[in-house]
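The file data_38.pdb contains PDB, C-alpha atoms and all ligand atoms:
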ATOM      1  CA  MET A 102      14.776  19.118   3.429
ATOM      2  CA  GLU A 103      15.576  15.467   2.767
ATOM      3  CA  LEU A 104      13.679  13.311   0.312
ATOM      4  CA  LEU A 105      12.274  10.048   1.621
ATOM      5  CA  ASP A 106      13.357   8.084  -1.417
ATOM      6  CA  GLY A 107      10.878   5.239  -1.756
ATOM      7  CA  LYS A 108      12.397   4.178  -5.041
ATOM      8  CA  SER A 109      15.838   3.354  -3.665
ATOM      9  CA  CYS A 110      14.422   2.016  -0.401
ATOM     10  CA  SER A 111      12.113  -0.343  -2.306
ATOM     11  CA  GLN A 112      15.043  -1.498  -4.460
ATOM     12  CA  GLU A 113      16.897  -2.396  -1.278
ATOM     13  CA  ILE A 114      13.880  -4.393  -0.043
ATOM     14  CA  ARG A 115      13.529  -6.196  -3.377
ATOM     15  CA  ARG A 116      17.243  -7.071  -3.295
ATOM     16  CA  GLU A 117      16.840  -8.516   0.207
ATOM     17  CA  ILE A 118      13.835 -10.584  -0.894
ATOM     18  CA  ALA A 119      15.654 -11.751  -4.054
ATOM     19  CA  ASN A 120      18.566 -12.946  -1.886
ATOM     20  CA  THR A 121      16.181 -14.900   0.357
ATOM     21  CA  VAL A 122      14.470 -16.479  -2.666
ATOM     22  CA  ALA A 123      17.826 -17.396  -4.243
ATOM     23  CA  GLN A 124      18.745 -19.099  -0.966
ATOM     24  CA  LEU A 125      15.443 -21.024  -0.919
ATOM     25  CA  LYS A 126      15.968 -22.186  -4.488
ATOM     26  CA  ALA A 127      19.563 -23.216  -3.706
ATOM     27  CA  GLU A 128      18.100 -25.428  -0.960
ATOM     28  CA  GLY A 129      15.865 -27.087  -3.583
ATOM     29  CA  LYS A 130      12.695 -25.391  -2.362
ATOM     30  CA  ARG A 131      10.018 -23.933  -4.612
ATOM     31  CA  ALA A 132       9.639 -20.185  -5.094
ATOM     32  CA  PRO A 133       6.911 -18.151  -3.368
ATOM     33  CA  HIS A 134       3.885 -17.780  -5.639
ATOM     34  CA  LEU A 135       1.574 -14.736  -5.830
ATOM     35  CA  ALA A 136      -1.691 -14.750  -7.799
ATOM     36  CA  ALA A 137      -3.880 -11.818  -8.820
ATOM     37  CA  ILE A 138      -7.472 -11.861 -10.004
ATOM     38  CA  LEU A 139      -8.272  -9.044 -12.411
ATOM     39  CA  VAL A 140     -11.925  -8.490 -13.314
ATOM     40  CA  GLY A 141     -12.704  -6.301 -16.333
ATOM     41  CA  ASP A 142     -10.328  -4.022 -18.232
ATOM     42  CA  ASP A 143      -9.789  -0.931 -16.059
ATOM     43  CA  GLY A 144      -6.598   0.736 -17.362
ATOM     44  CA  ALA A 145      -5.121   1.638 -13.978
ATOM     45  CA  SER A 146      -5.822  -1.854 -12.611
ATOM     46  CA  GLU A 147      -4.112  -3.398 -15.661
ATOM     47  CA  THR A 148      -1.016  -1.305 -14.917
ATOM     48  CA  TYR A 149      -1.039  -2.165 -11.215
ATOM     49  CA  VAL A 150      -1.302  -5.893 -11.912
ATOM     50  CA  ALA A 151       1.391  -5.743 -14.634
ATOM     51  CA  ASN A 152       3.682  -4.045 -12.094
ATOM     52  CA  LYS A 153       2.980  -6.786  -9.545
ATOM     53  CA  VAL A 154       3.963  -9.434 -12.106
ATOM     54  CA  LYS A 155       7.139  -7.488 -12.919
ATOM     55  CA  ASP A 156       8.035  -7.197  -9.217
ATOM     56  CA  CYS A 157       7.516 -10.960  -8.785
ATOM     57  CA  GLU A 158       9.868 -11.651 -11.703
ATOM     58  CA  GLU A 159      12.495  -9.348 -10.240
ATOM     59  CA  VAL A 160      12.563 -11.031  -6.828
ATOM     60  CA  GLY A 161      12.244 -14.563  -8.228
ATOM     61  CA  PHE A 162       8.624 -15.289  -7.235
ATOM     62  CA  ASP A 163       6.219 -17.204  -9.450
ATOM     63  CA  SER A 164       3.100 -15.261 -10.400
ATOM     64  CA  THR A 165      -0.260 -16.055 -11.955
ATOM     65  CA  VAL A 166      -2.833 -13.578 -13.270
ATOM     66  CA  ILE A 167      -6.418 -14.757 -13.569
ATOM     67  CA  ARG A 168      -8.277 -12.480 -15.980
ATOM     68  CA  LEU A 169     -12.047 -12.478 -15.832
ATOM     69  CA  PRO A 170     -14.466 -10.498 -18.031
ATOM     70  CA  ALA A 171     -16.275  -7.458 -16.601
ATOM     71  CA  ALA A 172     -19.548  -9.401 -16.790
ATOM     72  CA  THR A 173     -18.292 -12.065 -14.349
ATOM     73  CA  SER A 174     -20.920 -12.686 -11.670
ATOM     74  CA  GLU A 175     -20.178 -12.402  -7.969
ATOM     75  CA  ASP A 176     -20.667 -16.167  -7.574
ATOM     76  CA  GLU A 177     -18.221 -16.879 -10.406
ATOM     77  CA  LEU A 178     -15.639 -14.613  -8.785
ATOM     78  CA  LEU A 179     -16.213 -16.238  -5.385
ATOM     79  CA  ALA A 180     -15.615 -19.633  -7.030
ATOM     80  CA  GLU A 181     -12.230 -18.383  -8.327
ATOM     81  CA  VAL A 182     -11.362 -17.101  -4.848
ATOM     82  CA  ASP A 183     -12.255 -20.501  -3.440
ATOM     83  CA  LYS A 184      -9.999 -22.253  -5.958
ATOM     84  CA  LEU A 185      -7.050 -20.065  -4.925
ATOM     85  CA  ASN A 186      -7.841 -20.578  -1.231
ATOM     86  CA  ASN A 187      -7.514 -24.318  -1.837
ATOM     87  CA  ASN A 188      -4.548 -24.280  -4.218
ATOM     88  CA  SER A 189      -1.507 -25.255  -2.156
ATOM     89  CA  ASN A 190       0.848 -23.909  -4.843
ATOM     90  CA  ILE A 191      -0.407 -20.369  -4.270
ATOM     91  CA  ASP A 192       0.981 -18.707  -1.127
ATOM     92  CA  GLY A 193      -0.932 -15.467  -1.396
ATOM     93  CA  PHE A 194      -3.303 -13.697  -3.740
ATOM     94  CA  ILE A 195      -5.102 -10.449  -4.286
ATOM     95  CA  VAL A 196      -8.347  -9.515  -5.989
ATOM     96  CA  GLN A 197      -7.541  -6.245  -7.749
ATOM     97  CA  LEU A 198      -9.910  -3.418  -6.785
ATOM     98  CA  PRO A 199     -12.093  -1.714  -7.818
ATOM     99  CA  LEU A 200     -14.477  -4.457  -8.889
ATOM    100  CA  PRO A 201     -17.389  -3.862 -11.287
ATOM    101  CA  ASP A 202     -20.415  -2.273  -9.564
ATOM    102  CA  HIS A 203     -22.509  -5.449  -9.575
ATOM    103  CA  ILE A 204     -19.981  -7.216  -7.325
ATOM    104  CA  ASP A 205     -19.934  -6.646  -3.562
ATOM    105  CA  GLU A 206     -16.273  -6.005  -2.694
ATOM    106  CA  HIS A 207     -16.906  -6.718   0.961
ATOM    107  CA  ARG A 208     -18.276 -10.211   0.256
ATOM    108  CA  VAL A 209     -15.274 -10.995  -1.934
ATOM    109  CA  THR A 210     -12.767  -9.717   0.631
ATOM    110  CA  LEU A 211     -14.469 -11.795   3.337
ATOM    111  CA  ALA A 212     -14.099 -14.928   1.205
ATOM    112  CA  ILE A 213     -10.288 -14.742   1.005
ATOM    113  CA  ASP A 214      -8.407 -17.112   3.311
ATOM    114  CA  PRO A 215      -6.771 -14.755   5.881
ATOM    115  CA  TYR A 216      -3.509 -16.726   5.595
ATOM    116  CA  LYS A 217      -3.391 -15.931   1.858
ATOM    117  CA  ASP A 218      -4.733 -12.369   2.132
ATOM    118  CA  VAL A 219      -1.461 -10.596   1.307
ATOM    119  CA  ASP A 220      -3.390  -7.337   0.787
ATOM    120  CA  GLY A 221      -4.352  -7.477   4.470
ATOM    121  CA  PHE A 222      -7.886  -6.346   3.609
ATOM    122  CA  CYS A 223      -9.975  -9.109   5.215
ATOM    123  CA  PRO A 224     -11.548  -8.447   8.631
ATOM    124  CA  ALA A 225      -9.455 -11.094  10.407
ATOM    125  CA  ASN A 226      -6.227  -9.418   9.298
ATOM    126  CA  VAL A 227      -7.486  -5.903  10.033
ATOM    127  CA  GLY A 228      -8.514  -7.132  13.505
ATOM    128  CA  ASN A 229      -5.105  -8.704  14.091
ATOM    129  CA  MET A 230      -3.433  -5.471  13.004
ATOM    130  CA  CYS A 231      -5.557  -3.495  15.493
ATOM    131  CA  LEU A 232      -4.551  -5.885  18.278
ATOM    132  CA  GLY A 233      -0.856  -5.926  17.318
ATOM    133  CA  LEU A 234      -1.026  -9.669  16.496
ATOM    134  CA  PRO A 235       0.788 -11.354  13.577
ATOM    135  CA  THR A 236      -0.988 -10.330  10.377
ATOM    136  CA  PHE A 237      -0.594  -8.923   6.899
ATOM    137  CA  VAL A 238      -0.677  -5.134   7.140
ATOM    138  CA  SER A 239      -2.031  -3.634   3.930
ATOM    139  CA  ALA A 240       0.686  -2.636   1.522
ATOM    140  CA  THR A 241       0.592   1.170   1.641
ATOM    141  CA  PRO A 242       0.603   1.641   5.449
ATOM    142  CA  ASN A 243       3.163  -1.148   5.728
ATOM    143  CA  GLY A 244       5.364   0.560   3.141
ATOM    144  CA  ILE A 245       5.143   3.918   4.926
ATOM    145  CA  MET A 246       6.096   2.344   8.271
ATOM    146  CA  GLU A 247       9.026   0.622   6.565
ATOM    147  CA  LEU A 248      10.155   3.901   4.970
ATOM    148  CA  LEU A 249      10.075   5.692   8.350
ATOM    149  CA  ALA A 250      11.957   2.787   9.948
ATOM    150  CA  ARG A 251      14.661   2.637   7.271
ATOM    151  CA  TYR A 252      15.252   6.389   7.538
ATOM    152  CA  LYS A 253      15.420   5.928  11.340
ATOM    153  CA  ILE A 254      12.903   8.709  11.876
ATOM    154  CA  ASP A 255      12.069   9.165  15.535
ATOM    155  CA  THR A 256       8.286   9.387  15.706
ATOM    156  CA  THR A 257       7.890   8.932  19.476
ATOM    157  CA  GLY A 258       5.667  11.515  21.133
ATOM    158  CA  LYS A 259       5.076  13.348  17.864
ATOM    159  CA  HIS A 260       1.699  14.615  16.686
ATOM    160  CA  CYS A 261       0.745  12.709  13.553
ATOM    161  CA  VAL A 262      -2.173  13.978  11.479
ATOM    162  CA  VAL A 263      -3.552  11.464   8.989
ATOM    163  CA  LEU A 264      -5.677  13.058   6.273
ATOM    164  CA  GLY A 265      -8.228  10.551   5.005
ATOM    165  CA  ARG A 266      -9.999   7.651   6.726
ATOM    166  CA  SER A 267     -10.060   4.949   4.041
ATOM    167  CA  ASN A 268     -10.001   1.324   5.150
ATOM    168  CA  ILE A 269      -6.903   0.693   3.054
ATOM    169  CA  VAL A 270      -4.693   3.635   4.057
ATOM    170  CA  GLY A 271      -5.932   6.312   6.475
ATOM    171  CA  THR A 272      -7.520   4.166   9.176
ATOM    172  CA  PRO A 273      -4.731   1.532   9.409
ATOM    173  CA  MET A 274      -2.103   4.293   9.243
ATOM    174  CA  ALA A 275      -3.683   6.056  12.240
ATOM    175  CA  ILE A 276      -3.740   2.801  14.210
ATOM    176  CA  LEU A 277      -0.146   1.873  13.349
ATOM    177  CA  MET A 278       1.221   5.309  14.229
ATOM    178  CA  SER A 279      -0.512   5.272  17.620
ATOM    179  CA  ARG A 280       0.754   1.828  18.639
ATOM    180  CA  ASN A 281       3.538   1.231  21.158
ATOM    181  CA  THR A 282       6.098   0.453  18.456
ATOM    182  CA  ASN A 283       8.905   2.167  16.626
ATOM    183  CA  PRO A 284       7.920   3.823  14.303
ATOM    184  CA  GLY A 285       4.765   4.620  16.217
ATOM    185  CA  ASN A 286       4.121   6.033  19.693
ATOM    186  CA  CYS A 287       2.537   9.105  18.101
ATOM    187  CA  THR A 288      -0.419  11.128  19.264
ATOM    188  CA  VAL A 289      -2.643  10.691  16.243
ATOM    189  CA  THR A 290      -5.422  12.790  14.783
ATOM    190  CA  LEU A 291      -7.437  11.178  11.978
ATOM    191  CA  ALA A 292      -8.848  13.993   9.863
ATOM    192  CA  HIS A 293     -11.464  13.646   7.129
ATOM    193  CA  SER A 294     -13.915  15.564   4.968
ATOM    194  CA  ARG A 295     -15.975  16.717   8.003
ATOM    195  CA  THR A 296     -13.008  17.868  10.073
ATOM    196  CA  GLN A 297     -13.144  21.506  11.134
ATOM    197  CA  ASN A 298     -10.198  23.915  11.081
ATOM    198  CA  LEU A 299      -8.273  21.561   8.832
ATOM    199  CA  THR A 300      -5.549  24.058   7.926
ATOM    200  CA  GLU A 301      -4.722  24.805  11.592
ATOM    201  CA  LEU A 302      -4.887  21.132  12.479
ATOM    202  CA  CYS A 303      -2.529  20.079   9.699
ATOM    203  CA  ALA A 304      -0.198  22.957  10.572
ATOM    204  CA  SER A 305       0.096  21.490  14.085
ATOM    205  CA  ALA A 306       1.331  18.130  12.752
ATOM    206  CA  ASP A 307       4.900  16.965  13.263
ATOM    207  CA  ILE A 308       4.081  14.176  10.826
ATOM    208  CA  LEU A 309       1.469  14.714   8.128
ATOM    209  CA  VAL A 310       0.172  11.766   6.102
ATOM    210  CA  ALA A 311      -1.953  12.893   3.151
ATOM    211  CA  ALA A 312      -4.206  10.170   1.780
ATOM    212  CA  ILE A 313      -7.312  11.785   0.340
ATOM    213  CA  GLY A 314      -6.744  11.463  -3.400
ATOM    214  CA  ARG A 315      -7.067  15.200  -4.150
ATOM    215  CA  PRO A 316      -4.169  16.510  -6.230
ATOM    216  CA  ASN A 317      -2.091  19.291  -4.580
ATOM    217  CA  PHE A 318      -4.588  19.584  -1.696
ATOM    218  CA  VAL A 319      -1.935  20.183   0.977
ATOM    219  CA  THR A 320      -0.564  23.699   0.573
ATOM    220  CA  ALA A 321       2.317  25.430   2.374
ATOM    221  CA  ASP A 322       0.069  27.068   4.998
ATOM    222  CA  MET A 323      -1.021  23.575   6.110
ATOM    223  CA  VAL A 324       2.515  22.446   6.933
ATOM    224  CA  LYS A 325       4.517  23.160  10.090
ATOM    225  CA  PRO A 326       8.150  24.131   9.439
ATOM    226  CA  GLY A 327      10.298  21.029   9.943
ATOM    227  CA  ALA A 328       7.403  18.578   9.526
ATOM    228  CA  ILE A 329       7.666  15.114   8.018
ATOM    229  CA  VAL A 330       5.303  14.941   5.040
ATOM    230  CA  ILE A 331       4.124  11.644   3.599
ATOM    231  CA  ASP A 332       2.204  11.928   0.331
ATOM    232  CA  VAL A 333       0.058   8.902  -0.502
ATOM    233  CA  GLY A 334      -1.808  10.538  -3.408
ATOM    234  CA  ILE A 335      -1.253   9.299  -6.941
ATOM    235  CA  THR A 336      -3.943  10.878  -9.098
ATOM    236  CA  ARG A 337      -3.618  10.636 -12.875
ATOM    237  CA  VAL A 338      -3.879  14.155 -14.303
ATOM    238  CA  GLU A 339      -4.091  14.777 -18.051
ATOM    239  CA  ASP A 340      -0.802  15.900 -19.572
ATOM    240  CA  SER A 341      -0.692  16.046 -23.346
ATOM    241  CA  SER A 342       3.073  16.676 -23.310
ATOM    242  CA  ARG A 343       3.655  13.077 -22.210
ATOM    243  CA  ALA A 344       3.442   9.949 -24.345
ATOM    244  CA  SER A 345       1.151   8.342 -21.753
ATOM    245  CA  GLY A 346      -1.210  11.366 -21.871
ATOM    246  CA  PHE A 347      -1.127  11.768 -18.094
ATOM    247  CA  LYS A 348       1.131  12.542 -15.143
ATOM    248  CA  LEU A 349       0.918  11.373 -11.541
ATOM    249  CA  VAL A 350       0.142  14.107  -9.015
ATOM    250  CA  GLY A 351       0.271  13.720  -5.242
ATOM    251  CA  ASP A 352      -2.038  15.118  -2.544
ATOM    252  CA  VAL A 353       0.724  17.547  -1.529
ATOM    253  CA  ASP A 354       1.770  20.648  -3.469
ATOM    254  CA  PHE A 355       5.376  19.477  -3.482
ATOM    255  CA  GLU A 356       6.906  22.672  -4.898
ATOM    256  CA  ALA A 357       5.322  24.812  -2.186
ATOM    257  CA  VAL A 358       5.790  22.409   0.715
ATOM    258  CA  ALA A 359       9.201  20.780   0.143
ATOM    259  CA  ASP A 360      11.349  23.635   1.469
ATOM    260  CA  LYS A 361       9.274  23.884   4.652
ATOM    261  CA  SER A 362       9.526  20.232   5.550
ATOM    262  CA  ALA A 363      12.332  18.242   7.179
ATOM    263  CA  TYR A 364      11.487  15.107   5.167
ATOM    264  CA  ILE A 365       9.055  14.638   2.301
ATOM    265  CA  THR A 366       8.100  11.808  -0.070
ATOM    266  CA  PRO A 367       8.100  12.701  -3.783
ATOM    267  CA  VAL A 368       5.374  11.624  -6.221
ATOM    268  CA  PRO A 369       6.232   9.499  -8.076
ATOM    269  CA  GLY A 370       9.082   7.706  -6.289
ATOM    270  CA  GLY A 371       7.891   7.921  -2.684
ATOM    271  CA  VAL A 372       5.075   5.859  -1.217
ATOM    272  CA  GLY A 373       4.156   4.113  -4.515
ATOM    273  CA  PRO A 374       7.279   1.936  -4.841
ATOM    274  CA  MET A 375       7.132   1.143  -1.109
ATOM    275  CA  THR A 376       3.565  -0.125  -1.565
ATOM    276  CA  ARG A 377       4.770  -2.409  -4.343
ATOM    277  CA  ALA A 378       7.664  -3.722  -2.247
ATOM    278  CA  SER A 379       5.319  -4.364   0.692
ATOM    279  CA  LEU A 380       3.233  -6.767  -1.355
ATOM    280  CA  MET A 381       6.397  -8.751  -2.093
ATOM    281  CA  GLN A 382       7.245  -8.753   1.636
ATOM    282  CA  ASN A 383       3.758  -9.971   2.512
ATOM    283  CA  THR A 384       3.939 -12.708  -0.130
ATOM    284  CA  LEU A 385       7.243 -13.958   1.272
ATOM    285  CA  LYS A 386       5.682 -13.906   4.748
ATOM    286  CA  ALA A 387       2.705 -15.941   3.474
ATOM    287  CA  TYR A 388       5.140 -18.488   2.014
ATOM    288  CA  GLN A 389       7.146 -18.682   5.241
ATOM    289  CA  ARG A 390       3.992 -19.194   7.314
TER     290      ARG A 390
HETATM  291  N1  LIG B   1      -6.441  -1.266  -6.135
HETATM  292  C1  LIG B   1      -5.648  -0.203  -5.850
HETATM  293  N2  LIG B   1      -4.745  -0.537  -4.912
HETATM  294  C2  LIG B   1      -4.976  -1.831  -4.593
HETATM  295  C3  LIG B   1      -4.357  -2.734  -3.692
HETATM  296  O1  LIG B   1      -3.415  -2.414  -2.962
HETATM  297  N3  LIG B   1      -4.877  -3.992  -3.653
HETATM  298  C4  LIG B   1      -5.927  -4.355  -4.433
HETATM  299  N4  LIG B   1      -6.387  -5.617  -4.312
HETATM  300  N5  LIG B   1      -6.516  -3.542  -5.275
HETATM  301  C5  LIG B   1      -6.040  -2.284  -5.355
END
Encoding of this model in structure tokens:
Amino acid sequence: MELLDGKSCSQEIRREIANTVAQLKAEGKRAPHLAAILVGDDGASETYVANKVKDCEEVGFDSTVIRLPAATSEDELLAEVDKLNNNSNIDGFIVQLPLPDHIDEHRVTLAIDPYKDVDGFCPANVGNMCLGLPTFVSATPNGIMELLARYKIDTTGKHCVVLGRSNIVGTPMAILMSRNTNPGNCTVTLAHSRTQNLTELCASADILVAAIGRPNFVTADMVKPGAIVIDVGITRVEDSSRASGFKLVGDVDFEAVADKSAYITPVPGGVGPMTRASLMQNTLKAYQR
């Protein structure tokens, strides 16, 4: 078994981006600039946005966080989105999800200028991704593809089972793995909560991508010996022995599955850091466009 080390791979990507930014600055150009809108005070969202700011600092990007109260109306949020769309100093921005219940996420996502949509969530970018046209691929699938590429994993002709059909991870992952690219060229099965014979199906996968947000869901009997296992889950589970009061648990029962697999991503230190690095890559791309 070999670990797919997202932590070191993401460090490599951040170093590459930092070198590019240093070069830009040496040429007298401004730095790429990422903005994030954060509505309300959800603890996990606070952490995610703080990490994005930290990543920007590390690679030399400028960053701006726009904090809005939980009671912000949809129209007020749309006005902020509009301001960022029209601010030529901002190359890309994200609206941190989830949003409070009274705000329609879909309307907000639709309002983001596709050229600044570094999350790759808006329909124009999802459509471009489906067609293989230039786009921003959302950060987690992009990070997984990058991880497979950097480890030079041959995916051609393999059976890839993607567990979970979310718009952000499962669905784009299935599309990317089926495309005529490397990594890619897989025969893909997109499995979900209504899928029958899930254990047998997963056990037939050469590549298993678990993205359902259920801690330790994938057990050893669901994994083919020699499979490549990608764990997207990062559920916070209470752990009173830690200062934070929680630990991060993946969708895969790592202890049981690791020895059976050829390659596996750990949690933490696998897909998570690659997701973070992907947002930096997309922001640089937005700047270069
Ligand atoms: N919430 C959890 N992950 C993400 C993400 O990748 N982008 C945004 N905008 N919100 C999130």
If you measure from CA of Leu198 in chain A to atom C3 of ligand LIG 1 (chain B), what distance in Å do you get, rounded to one decimal?
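Atom C3 of ligand LIG 1 (chain B) lies 6.4 Å from CA of Leu198 in chain A.
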Range 344-349 of chain A: which residues within 7 Å, counting all atoms listed in the file, same-chain residues fewer than 4 positions away excluded, as a list in words?
Ile335, Thr336, Arg337, Val338, Glu339, Asp340, Val368 and Pro369 of chain A
Can you tell me, as a PDB file with C-alpha atoms, in the frame of the given file, what residues are no more than 8 Å from range 301-308 of chain A when counting only C-alpha atoms, ignoring any on the same chain fewer than 2 positions away?
ATOM      1  CA  LYS A 259       5.076  13.348  17.864  1.00  0.00           C
ATOM      2  CA  HIS A 260       1.699  14.615  16.686  1.00  0.00           C
ATOM      3  CA  CYS A 261       0.745  12.709  13.553  1.00  0.00           C
ATOM      4  CA  VAL A 262      -2.173  13.978  11.479  1.00  0.00           C
ATOM      5  CA  ASN A 298     -10.198  23.915  11.081  1.00  0.00           C
ATOM      6  CA  LEU A 299      -8.273  21.561   8.832  1.00  0.00           C
ATOM      7  CA  VAL A 310       0.172  11.766   6.102  1.00  0.00           C
ATOM      8  CA  ASP A 322       0.069  27.068   4.998  1.00  0.00           C
ATOM      9  CA  MET A 323      -1.021  23.575   6.110  1.00  0.00           C
ATOM     10  CA  VAL A 324       2.515  22.446   6.933  1.00  0.00           C
ATOM     11  CA  LYS A 325       4.517  23.160  10.090  1.00  0.00           C
ATOM     12  CA  GLY A 327      10.298  21.029   9.943  1.00  0.00           C
ATOM     13  CA  ALA A 328       7.403  18.578   9.526  1.00  0.00           C
ATOM     14  CA  ILE A 329       7.666  15.114   8.018  1.00  0.00           C
ATOM     15  CA  VAL A 330       5.303  14.941   5.040  1.00  0.00           C
ATOM     16  CA  ILE A 331       4.124  11.644   3.599  1.00  0.00           C
TER      17      ILE A 331
END
Name every residue that the PyMOL selection byres (((not hetatm)) within 8 of (chain B and resi 1)) selects in this structure, writing the answer as a CSV table (one decimal) with C-alpha atoms, in the frame of the given file with chains first and numbers rising.
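Saved file out-v3.csv follows:
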chain,number,residue,atom,x,y,z
A,146,SER,CA,-5.8,-1.9,-12.6
A,149,TYR,CA,-1.0,-2.2,-11.2
A,195,ILE,CA,-5.1,-10.4,-4.3
A,196,VAL,CA,-8.3,-9.5,-6.0
A,197,GLN,CA,-7.5,-6.2,-7.7
A,198,LEU,CA,-9.9,-3.4,-6.8
A,199,PRO,CA,-12.1,-1.7,-7.8
A,220,ASP,CA,-3.4,-7.3,0.8
A,239,SER,CA,-2.0,-3.6,3.9
A,240,ALA,CA,0.7,-2.6,1.5
A,241,THR,CA,0.6,1.2,1.6
A,269,ILE,CA,-6.9,0.7,3.1
A,376,THR,CA,3.6,-0.1,-1.6
Applied to the shown file, which residues does the PyMOL selection byres (((chain A and resi 230) around 12) and not hetatm) return, written as a list in words?
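This file, filtered by the PyMOL selection byres (((chain A and resi 230) around 12) and not hetatm), leaves Gly221, Phe222, Cys223, Pro224, Ala225, Asn226, Val227, Gly228, Asn229, Cys231, Leu232, Gly233, Leu234, Pro235, Thr236, Phe237, Val238, Ser239, Pro242, Asn243, Thr272, Pro273, Met274, Ala275, Ile276, Leu277, Met278 and Arg280 of chain A.
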Edge lengths and centre in Å to one decimal, as AutoDock Vina command-line options, is what I'm after for the box along x, y and z that holds all listed atoms of range 219-227 of chain A once 6 Å is added on each side.
--center_x -6.5 --center_y -8.5 --center_z 5.6 --size_x 22.1 --size_y 17.2 --size_z 21.6
Take CA of Thr165 in chain A and CA of Asp192 in chain A and report the distance between them in Å, one decimal.
11.2 Å
For range 210-225 of chain A of the block above, can you save N, CA and C atoms as an mmCIF file, in the first residue's frame?
data_model
loop_
_atom_site.group_PDB
_atom_site.id
_atom_site.type_symbol
_atom_site.label_atom_id
_atom_site.label_comp_id
_atom_site.auth_asym_id
_atom_site.auth_seq_id
_atom_site.Cartn_x
_atom_site.Cartn_y
_atom_site.Cartn_z
ATOM 1 N N THR A 210 -25.304 31.417 -6.813
ATOM 2 C CA THR A 210 -24.287 30.806 -7.684
ATOM 3 C C THR A 210 -24.443 31.292 -9.127
ATOM 4 N N LEU A 211 -25.707 31.412 -9.561
ATOM 5 C CA LEU A 211 -25.987 31.879 -10.924
ATOM 6 C C LEU A 211 -25.527 33.317 -11.144
ATOM 7 N N ALA A 212 -25.458 34.091 -10.061
ATOM 8 C CA ALA A 212 -25.144 35.520 -10.194
ATOM 9 C C ALA A 212 -23.645 35.777 -10.337
ATOM 10 N N ILE A 213 -22.829 34.762 -10.027
ATOM 11 C CA ILE A 213 -21.366 34.966 -10.071
ATOM 12 C C ILE A 213 -20.878 34.968 -11.522
ATOM 13 N N ASP A 214 -20.051 35.953 -11.851
ATOM 14 C CA ASP A 214 -19.451 36.027 -13.183
ATOM 15 C C ASP A 214 -18.641 34.736 -13.425
ATOM 16 N N PRO A 215 -18.970 33.956 -14.454
ATOM 17 C CA PRO A 215 -18.262 32.687 -14.687
ATOM 18 C C PRO A 215 -16.739 32.836 -14.764
ATOM 19 N N TYR A 216 -16.263 34.005 -15.202
ATOM 20 C CA TYR A 216 -14.811 34.208 -15.307
ATOM 21 C C TYR A 216 -14.162 34.438 -13.939
ATOM 22 N N LYS A 217 -15.005 34.703 -12.922
ATOM 23 C CA LYS A 217 -14.475 34.896 -11.561
ATOM 24 C C LYS A 217 -14.884 33.754 -10.633
ATOM 25 N N ASP A 218 -15.617 32.792 -11.177
ATOM 26 C CA ASP A 218 -16.176 31.691 -10.380
ATOM 27 C C ASP A 218 -15.112 30.616 -10.147
ATOM 28 N N VAL A 219 -14.164 30.909 -9.252
ATOM 29 C CA VAL A 219 -13.038 29.988 -9.044
ATOM 30 C C VAL A 219 -13.451 28.699 -8.325
ATOM 31 N N ASP A 220 -14.670 28.674 -7.779
ATOM 32 C CA ASP A 220 -15.229 27.434 -7.230
ATOM 33 C C ASP A 220 -15.695 26.502 -8.351
ATOM 34 N N GLY A 221 -15.948 27.066 -9.523
ATOM 35 C CA GLY A 221 -16.461 26.269 -10.640
ATOM 36 C C GLY A 221 -17.866 25.744 -10.409
ATOM 37 N N PHE A 222 -18.664 26.474 -9.631
ATOM 38 C CA PHE A 222 -20.010 25.990 -9.284
ATOM 39 C C PHE A 222 -21.100 26.486 -10.242
ATOM 40 N N CYS A 223 -20.828 27.571 -10.986
ATOM 41 C CA CYS A 223 -21.939 28.158 -11.764
ATOM 42 C C CYS A 223 -22.198 27.300 -13.012
ATOM 43 N N PRO A 224 -23.454 27.331 -13.497
ATOM 44 C CA PRO A 224 -23.835 26.433 -14.596
ATOM 45 C C PRO A 224 -22.943 26.555 -15.830
ATOM 46 N N ALA A 225 -22.484 27.767 -16.140
ATOM 47 C CA ALA A 225 -21.639 27.925 -17.335
ATOM 48 C C ALA A 225 -20.348 27.115 -17.169
#
